[in-house]
Amino acid sequence: MAKKNNVIIIGAGPAGTIAAALLQNKGHQVTIVERDVFPRFCIGESLLPQCMEFIEQAGMLDAVNNADFQLKSGAVFLHNKQYSEFKFSDKFTCGFDHTFQVQRDKFDHLLASEAQRMGVEIRWQEEVAQADFSNAKPLLTIKKANGYSYQLEADFILDASGFGRVLPRLLGLEKESDFPSRQSLFTHLEDHIDCPQYDRNKIRIIVHPKMSEVWYWLIPFSNGRCSLGVVAGEGIIQTLGIDHQQVFMTLIDQEPTLAALLKNAVFDTKIRSIKGYSANVSSHYGKGYALLGNAGEFLDPVFSSGVTIAMKSASLAADVLDRQFNQQTVDWQTEFVEPLQIGVETFRTFVTSWYQGELQDVVFYDQQQENLKSMICSILAGYVWDETNPYVKNSRSRLKTLAELCRE
Ligand SMILES: Cc1cc2nc3c(=O)[nH]c(=O)nc-3n(C[C@H](O)[C@H](O)[C@H](O)COP(=O)(O)OP(=O)(O)OC[C@H]3O[C@@H](n4cnc5c(N)ncnc54)[C@H](O)[C@@H]3O)c2cc1C
């Protein structure tokens, strides 16, 4: 029997486990090295319908469908008295019209268990500390929780270490993002929302009444709890104070609809903070490695694109690597980076336009033509690799023109 190729994946988040399952199912031998023990907290709970395609490819759809996560069928945007609703079933691109709002501790644990069921080995509580690519095969130095270190050789390394950004740090690939540094404060809470019109199947994105670059997310879970967060420029948070709990509650109180919706909520979990999360790299691949998900690039939380991009990168990389292992000529630039960037660039344009205000004008315009709305809806559903959608191919100029029309 032919010797199996051996892949080491750094990190068992969505990028790591989807890549692991895809490669294991193609007959390769996959080991994930994960620093933490699961379940563990992770932010990023609102999925997009597009990522269901990658979950299905990886053979994990039944497990996810049966896990009792909160269904997600669309998104609602609010700003003062303005209200706009997008239903994924109205989107331009064919494909899934729903997804889930997931507690990431449970979701990531489920994907990791599924990967293990398929034969992937996961080494928990082991941290990749060094990487050496100077020999024929990459060599990793791995630190165990008890302080003991050992070395592990592989045919190929996929770095899916998220904000750990292991290879970008060790190989000097880190590059600043084009986006200004923003900060997010967030928590989970018992929401006790009793408003009959409130739709738990939709994420709410709420713009601050006075500062349009400040926005909140409200992501309901299936167990009566929700994820609540606010995003603002670092300077804005700092001017409001140093106590995250107090700043968070001040910002919630400043938004009357949110404050009313959460009037009976029980805030029982500490407020967490993360800042300066947007990041990029000078190269997404090199001899013996490729970067997946946030280890490569992270844009911004506003359109919940993180997990979808992470899974898309996993799917593309698994395909290229499988063909490379099968002695086919592959080109990581044109077969991995460039296809991935089609969607990343679309999201980048939408994120930029959101903070510049153009996209907010488009989203809140109440006489939008149905066909244009369905194209925007496709982007919000994560179908950003569908080049038949004009808002994928020419997103920048299209959005600019549309915003001008809406403003008139
Ligand atoms: C405020 C905020 C809100 C967000 N909201 C959303 C959202 O609603 N929807 C969405 O899709 N995305 C959201 N995101 C983005 C989302 O969190 C990430 O894009 C997503 O988790 C990336 O997945 P990943 O697999 O690349 O990395 P991760 O999920 O971060 O997994 C990386 C894994 O690598 C492990 N690791 C790290 N270093 C090492 C090491 N040295 N050795 C071994 N293992 C290591 C970590 O323990 C971790 O388990 C949000 C991000 C932020 C900042």
# chains A, B, ... in the order shown; residues from 1 in each chain; ligands from 1
call {"tool": "closest_atom_pairs", "arguments": {"of": "chain A", "to": "ligand 1", "cutoff": "7 Å", "atoms": "only C-alpha atoms and all ligand atoms", "output": "tab-separated table"}}
result
residue	atom	partner	partner_atom_place_in_ligand_line	distance
A:Ile10	CA	ligand 1	43 (C)	5.0
A:Gly11	CA	ligand 1	34 (O)	3.3
A:Ala12	CA	ligand 1	49 (O)	5.0
A:Gly13	CA	ligand 1	31 (O)	3.5
A:Pro14	CA	ligand 1	25 (O)	4.1
A:Ala15	CA	ligand 1	25 (O)	3.7
A:Gly16	CA	ligand 1	25 (O)	5.6
A:Val33	CA	ligand 1	43 (C)	5.1
A:Glu34	CA	ligand 1	44 (N)	3.8
A:Arg35	CA	ligand 1	44 (N)	3.9
A:Asp36	CA	ligand 1	47 (O)	4.9
A:Cys42	CA	ligand 1	17 (O)	6.5
A:Ile43	CA	ligand 1	17 (O)	4.8
A:Gly44	CA	ligand 1	6 (C)	3.1
A:Glu45	CA	ligand 1	8 (O)	4.5
A:Ser46	CA	ligand 1	8 (O)	3.8
A:Leu47	CA	ligand 1	11 (O)	4.9
A:Leu48	CA	ligand 1	11 (O)	6.9
A:Glu126	CA	ligand 1	43 (C)	6.0
A:Glu127	CA	ligand 1	42 (N)	3.6
A:Val128	CA	ligand 1	42 (N)	4.0
A:Ala129	CA	ligand 1	41 (N)	5.9
A:Ala160	CA	ligand 1	26 (O)	5.3
A:Ser161	CA	ligand 1	34 (O)	3.4
A:Gly162	CA	ligand 1	27 (O)	3.4
A:Phe163	CA	ligand 1	30 (O)	5.5
A:Gly164	CA	ligand 1	38 (N)	3.9
A:Arg165	CA	ligand 1	38 (N)	6.5
A:Val166	CA	ligand 1	41 (N)	5.5
A:Ser184	CA	ligand 1	1 (C)	5.2
A:Ile274	CA	ligand 1	53 (C)	6.3
A:Tyr277	CA	ligand 1	53 (C)	5.6
A:Leu292	CA	ligand 1	26 (O)	6.1
A:Gly293	CA	ligand 1	26 (O)	3.5
A:Asn294	CA	ligand 1	26 (O)	4.0
A:Ala295	CA	ligand 1	26 (O)	5.8
A:Phe298	CA	ligand 1	19 (O)	6.4
A:Asp300	CA	ligand 1	51 (C)	6.7
A:Pro301	CA	ligand 1	4 (C)	4.4
A:Ser304	CA	ligand 1	9 (N)	3.5
A:Ser305	CA	ligand 1	11 (O)	4.7
A:Gly306	CA	ligand 1	19 (O)	3.1
A:Val307	CA	ligand 1	11 (O)	3.6
A:Thr308	CA	ligand 1	11 (O)	5.7
A:Ala310	CA	ligand 1	26 (O)	5.0
call {"tool": "residues_around", "arguments": {"residues": "segment 173-180 of chain A", "least_positions_apart": "5", "cutoff": "6 Å", "atoms": "only C-alpha atoms", "output": "number ranges by chain"}}
result
A: 168, 278-282
call {"tool": "select_by_dssp", "arguments": {"residues": "segment 144-226 of chain A", "states": "alpha helix (DSSP H)", "output": "VMD selection string"}}
result
chain A and resid 166 to 170
call {"tool": "residues_around", "arguments": {"residues": "Arg323 of chain A", "least_positions_apart": "2", "cutoff": "12 Å", "atoms": "only C-alpha atoms", "output": "tab-separated table (two decimals) with C-alpha atoms, in the first residue's frame"}}
result
chain	number	residue	atom	x	y	z
A	5	ASN	CA	1.14	11.73	3.25
A	23	LEU	CA	-7.80	15.70	3.74
A	26	LYS	CA	-9.06	11.95	0.68
A	27	GLY	CA	-6.81	9.32	2.27
A	28	HIS	CA	-4.09	11.43	3.90
A	316	LEU	CA	-9.39	25.40	-1.35
A	317	ALA	CA	-6.17	24.37	0.43
A	318	ALA	CA	-7.29	20.76	0.95
A	319	ASP	CA	-8.02	20.45	-2.75
A	320	VAL	CA	-4.67	21.94	-3.90
A	321	LEU	CA	-2.70	19.91	-1.35
A	325	PHE	CA	0.36	14.90	-2.99
A	326	ASN	CA	-0.92	13.08	-6.07
A	327	GLN	CA	2.09	14.40	-8.06
A	328	GLN	CA	0.04	16.92	-10.03
A	329	THR	CA	1.52	20.33	-10.83
A	330	VAL	CA	-0.19	22.91	-8.65
A	331	ASP	CA	0.15	26.66	-8.28
A	332	TRP	CA	-0.80	27.89	-4.80
A	335	GLU	CA	-5.37	27.94	-7.21
call {"tool": "closest_residue", "arguments": {"among": "A:Ala75, A:Val207, A:Leu111, A:Leu402", "to": "Leu61 of chain A", "atoms": "only C-alpha atoms"}}
result
A:Leu111
call {"tool": "residues_around", "arguments": {"residues": "His208 of chain A", "least_positions_apart": "2", "cutoff": "10 Å", "atoms": "only C-alpha atoms", "output": "list in words"}}
result
Leu78, His79, Asn80, Ile205, Ile206, Lys210, Met211, Ser212, Glu213, Val214, Trp215, Tyr216, Val230, Val231, Ala232, Leu251, Ile252, Gln254, Glu255 and Pro256 of chain A
call {"tool": "residues_around", "arguments": {"residues": "Ser395 of chain A", "least_positions_apart": "2", "cutoff": "9 Å", "atoms": "only C-alpha atoms", "output": "list in words"}}
result
Glu345, Thr346, Thr349, Phe350, Pro390, Tyr391, Val392, Lys393, Ser397, Arg398, Leu399 and Lys400 of chain A
call {"tool": "closest_residue", "arguments": {"among": "A:Asn135, A:Thr401, A:Asn389, A:Thr141", "to": "Phe92 of chain A", "atoms": "only C-alpha atoms"}}
result
A:Asn389
call {"tool": "residues_around", "arguments": {"residues": "segment 263-267 of chain A", "least_positions_apart": "2", "cutoff": "7 Å", "atoms": "only C-alpha atoms", "output": "VMD selection string"}}
result
chain A and resid 189 to 192 259 to 261 269
call {"tool": "closest_residue", "arguments": {"among": "A:Leu218, A:Ile193, A:Ile9, A:Val102", "to": "Leu71 of chain A", "atoms": "only C-alpha atoms"}}
result
A:Val102
call {"tool": "decode", "arguments": {"residues": "segment 172-219 of chain A", "atoms": "N, CA and C atoms", "output": "short mmCIF file (atom, residue, chain, number, x, y, z; two decimals), in the first residue's frame"}}
result
data_model
loop_
_atom_site.label_atom_id
_atom_site.label_comp_id
_atom_site.auth_asym_id
_atom_site.auth_seq_id
_atom_site.Cartn_x
_atom_site.Cartn_y
_atom_site.Cartn_z
N GLY A 172 7.91 35.81 10.15
CA GLY A 172 7.96 37.24 9.82
C GLY A 172 7.04 37.62 8.66
N LEU A 173 5.85 37.00 8.62
CA LEU A 173 4.93 37.28 7.50
C LEU A 173 3.85 38.30 7.87
N GLU A 174 3.85 38.75 9.12
CA GLU A 174 2.74 39.61 9.56
C GLU A 174 2.76 40.95 8.84
N LYS A 175 1.56 41.39 8.45
CA LYS A 175 1.42 42.66 7.74
C LYS A 175 0.22 43.39 8.33
N GLU A 176 0.35 44.71 8.45
CA GLU A 176 -0.77 45.46 9.04
C GLU A 176 -1.98 45.44 8.13
N SER A 177 -3.15 45.45 8.73
CA SER A 177 -4.38 45.53 7.96
C SER A 177 -4.58 46.97 7.47
N ASP A 178 -5.35 47.11 6.40
CA ASP A 178 -5.68 48.46 5.92
C ASP A 178 -6.72 49.13 6.82
N PHE A 179 -7.40 48.34 7.65
CA PHE A 179 -8.47 48.91 8.47
C PHE A 179 -7.90 49.55 9.74
N PRO A 180 -8.51 50.65 10.19
CA PRO A 180 -8.07 51.24 11.46
C PRO A 180 -8.33 50.27 12.61
N SER A 181 -7.58 50.43 13.70
CA SER A 181 -7.73 49.52 14.83
C SER A 181 -9.06 49.80 15.55
N ARG A 182 -9.86 48.75 15.65
CA ARG A 182 -11.14 48.88 16.36
C ARG A 182 -11.15 47.95 17.55
N GLN A 183 -12.12 48.18 18.44
CA GLN A 183 -12.21 47.37 19.66
C GLN A 183 -13.63 46.85 19.79
N SER A 184 -13.74 45.67 20.36
CA SER A 184 -15.07 45.13 20.61
C SER A 184 -15.18 44.70 22.06
N LEU A 185 -16.33 45.03 22.67
CA LEU A 185 -16.68 44.53 24.01
C LEU A 185 -17.87 43.62 23.81
N PHE A 186 -17.87 42.47 24.48
CA PHE A 186 -18.97 41.53 24.23
C PHE A 186 -19.16 40.59 25.42
N THR A 187 -20.33 39.96 25.43
CA THR A 187 -20.63 39.00 26.50
C THR A 187 -21.74 38.04 26.05
N HIS A 188 -21.99 37.04 26.86
CA HIS A 188 -23.18 36.19 26.70
C HIS A 188 -24.10 36.50 27.87
N LEU A 189 -25.40 36.46 27.63
CA LEU A 189 -26.33 36.76 28.72
C LEU A 189 -27.65 36.00 28.53
N GLU A 190 -28.38 35.95 29.63
CA GLU A 190 -29.74 35.37 29.63
C GLU A 190 -30.63 36.49 29.14
N ASP A 191 -31.22 36.41 27.90
CA ASP A 191 -31.80 37.64 27.35
C ASP A 191 -33.22 37.95 27.82
N HIS A 192 -34.04 36.95 28.14
CA HIS A 192 -35.44 37.18 28.58
C HIS A 192 -36.18 38.15 27.68
N ILE A 193 -35.96 38.05 26.37
CA ILE A 193 -36.66 38.96 25.44
C ILE A 193 -38.09 38.45 25.27
N ASP A 194 -39.08 39.32 25.58
CA ASP A 194 -40.47 38.85 25.49
C ASP A 194 -41.26 39.61 24.44
N CYS A 195 -40.56 40.34 23.58
CA CYS A 195 -41.24 41.13 22.55
C CYS A 195 -41.77 40.18 21.46
N PRO A 196 -43.09 40.14 21.18
CA PRO A 196 -43.65 39.17 20.23
C PRO A 196 -43.10 39.32 18.81
N GLN A 197 -42.72 40.54 18.42
CA GLN A 197 -42.21 40.74 17.04
C GLN A 197 -40.75 40.31 16.90
N TYR A 198 -40.12 40.03 18.02
CA TYR A 198 -38.68 39.74 17.94
C TYR A 198 -38.43 38.37 17.30
N ASP A 199 -37.59 38.34 16.27
CA ASP A 199 -37.33 37.11 15.51
C ASP A 199 -35.95 36.55 15.91
N ARG A 200 -35.97 35.44 16.63
CA ARG A 200 -34.70 34.86 17.10
C ARG A 200 -33.89 34.24 15.96
N ASN A 201 -34.54 34.10 14.79
CA ASN A 201 -33.83 33.48 13.65
C ASN A 201 -32.96 34.48 12.88
N LYS A 202 -32.89 35.69 13.38
CA LYS A 202 -32.09 36.68 12.64
C LYS A 202 -31.11 37.39 13.57
N ILE A 203 -29.92 37.61 13.04
CA ILE A 203 -28.95 38.44 13.77
C ILE A 203 -29.44 39.89 13.67
N ARG A 204 -29.24 40.66 14.73
CA ARG A 204 -29.54 42.10 14.67
C ARG A 204 -28.25 42.88 14.66
N ILE A 205 -28.13 43.76 13.68
CA ILE A 205 -27.00 44.69 13.63
C ILE A 205 -27.61 46.07 13.85
N ILE A 206 -27.21 46.71 14.92
CA ILE A 206 -27.84 47.97 15.30
C ILE A 206 -26.78 49.08 15.29
N VAL A 207 -27.07 50.15 14.58
CA VAL A 207 -26.11 51.25 14.50
C VAL A 207 -26.39 52.21 15.66
N HIS A 208 -25.33 52.69 16.30
CA HIS A 208 -25.47 53.63 17.41
C HIS A 208 -26.26 54.86 16.95
N PRO A 209 -27.16 55.40 17.80
CA PRO A 209 -28.02 56.52 17.36
C PRO A 209 -27.24 57.73 16.85
N LYS A 210 -26.07 57.98 17.45
CA LYS A 210 -25.35 59.22 17.06
C LYS A 210 -24.04 58.97 16.34
N MET A 211 -23.41 57.84 16.58
CA MET A 211 -22.08 57.59 15.97
C MET A 211 -22.24 56.42 14.99
N SER A 212 -22.26 56.72 13.69
CA SER A 212 -22.61 55.66 12.72
C SER A 212 -21.51 54.61 12.56
N GLU A 213 -20.30 54.89 13.06
CA GLU A 213 -19.24 53.88 12.96
C GLU A 213 -19.27 52.93 14.17
N VAL A 214 -20.16 53.20 15.12
CA VAL A 214 -20.30 52.31 16.28
C VAL A 214 -21.55 51.44 16.05
N TRP A 215 -21.39 50.15 16.23
CA TRP A 215 -22.54 49.26 15.99
C TRP A 215 -22.55 48.10 17.00
N TYR A 216 -23.73 47.53 17.17
CA TYR A 216 -23.93 46.44 18.13
C TYR A 216 -24.36 45.18 17.37
N TRP A 217 -24.04 44.01 17.93
CA TRP A 217 -24.65 42.79 17.42
C TRP A 217 -25.47 42.14 18.52
N LEU A 218 -26.56 41.51 18.13
CA LEU A 218 -27.37 40.72 19.05
C LEU A 218 -27.63 39.39 18.35
N ILE A 219 -27.04 38.33 18.88
CA ILE A 219 -27.12 37.01 18.23
C ILE A 219 -27.79 36.04 19.21
#
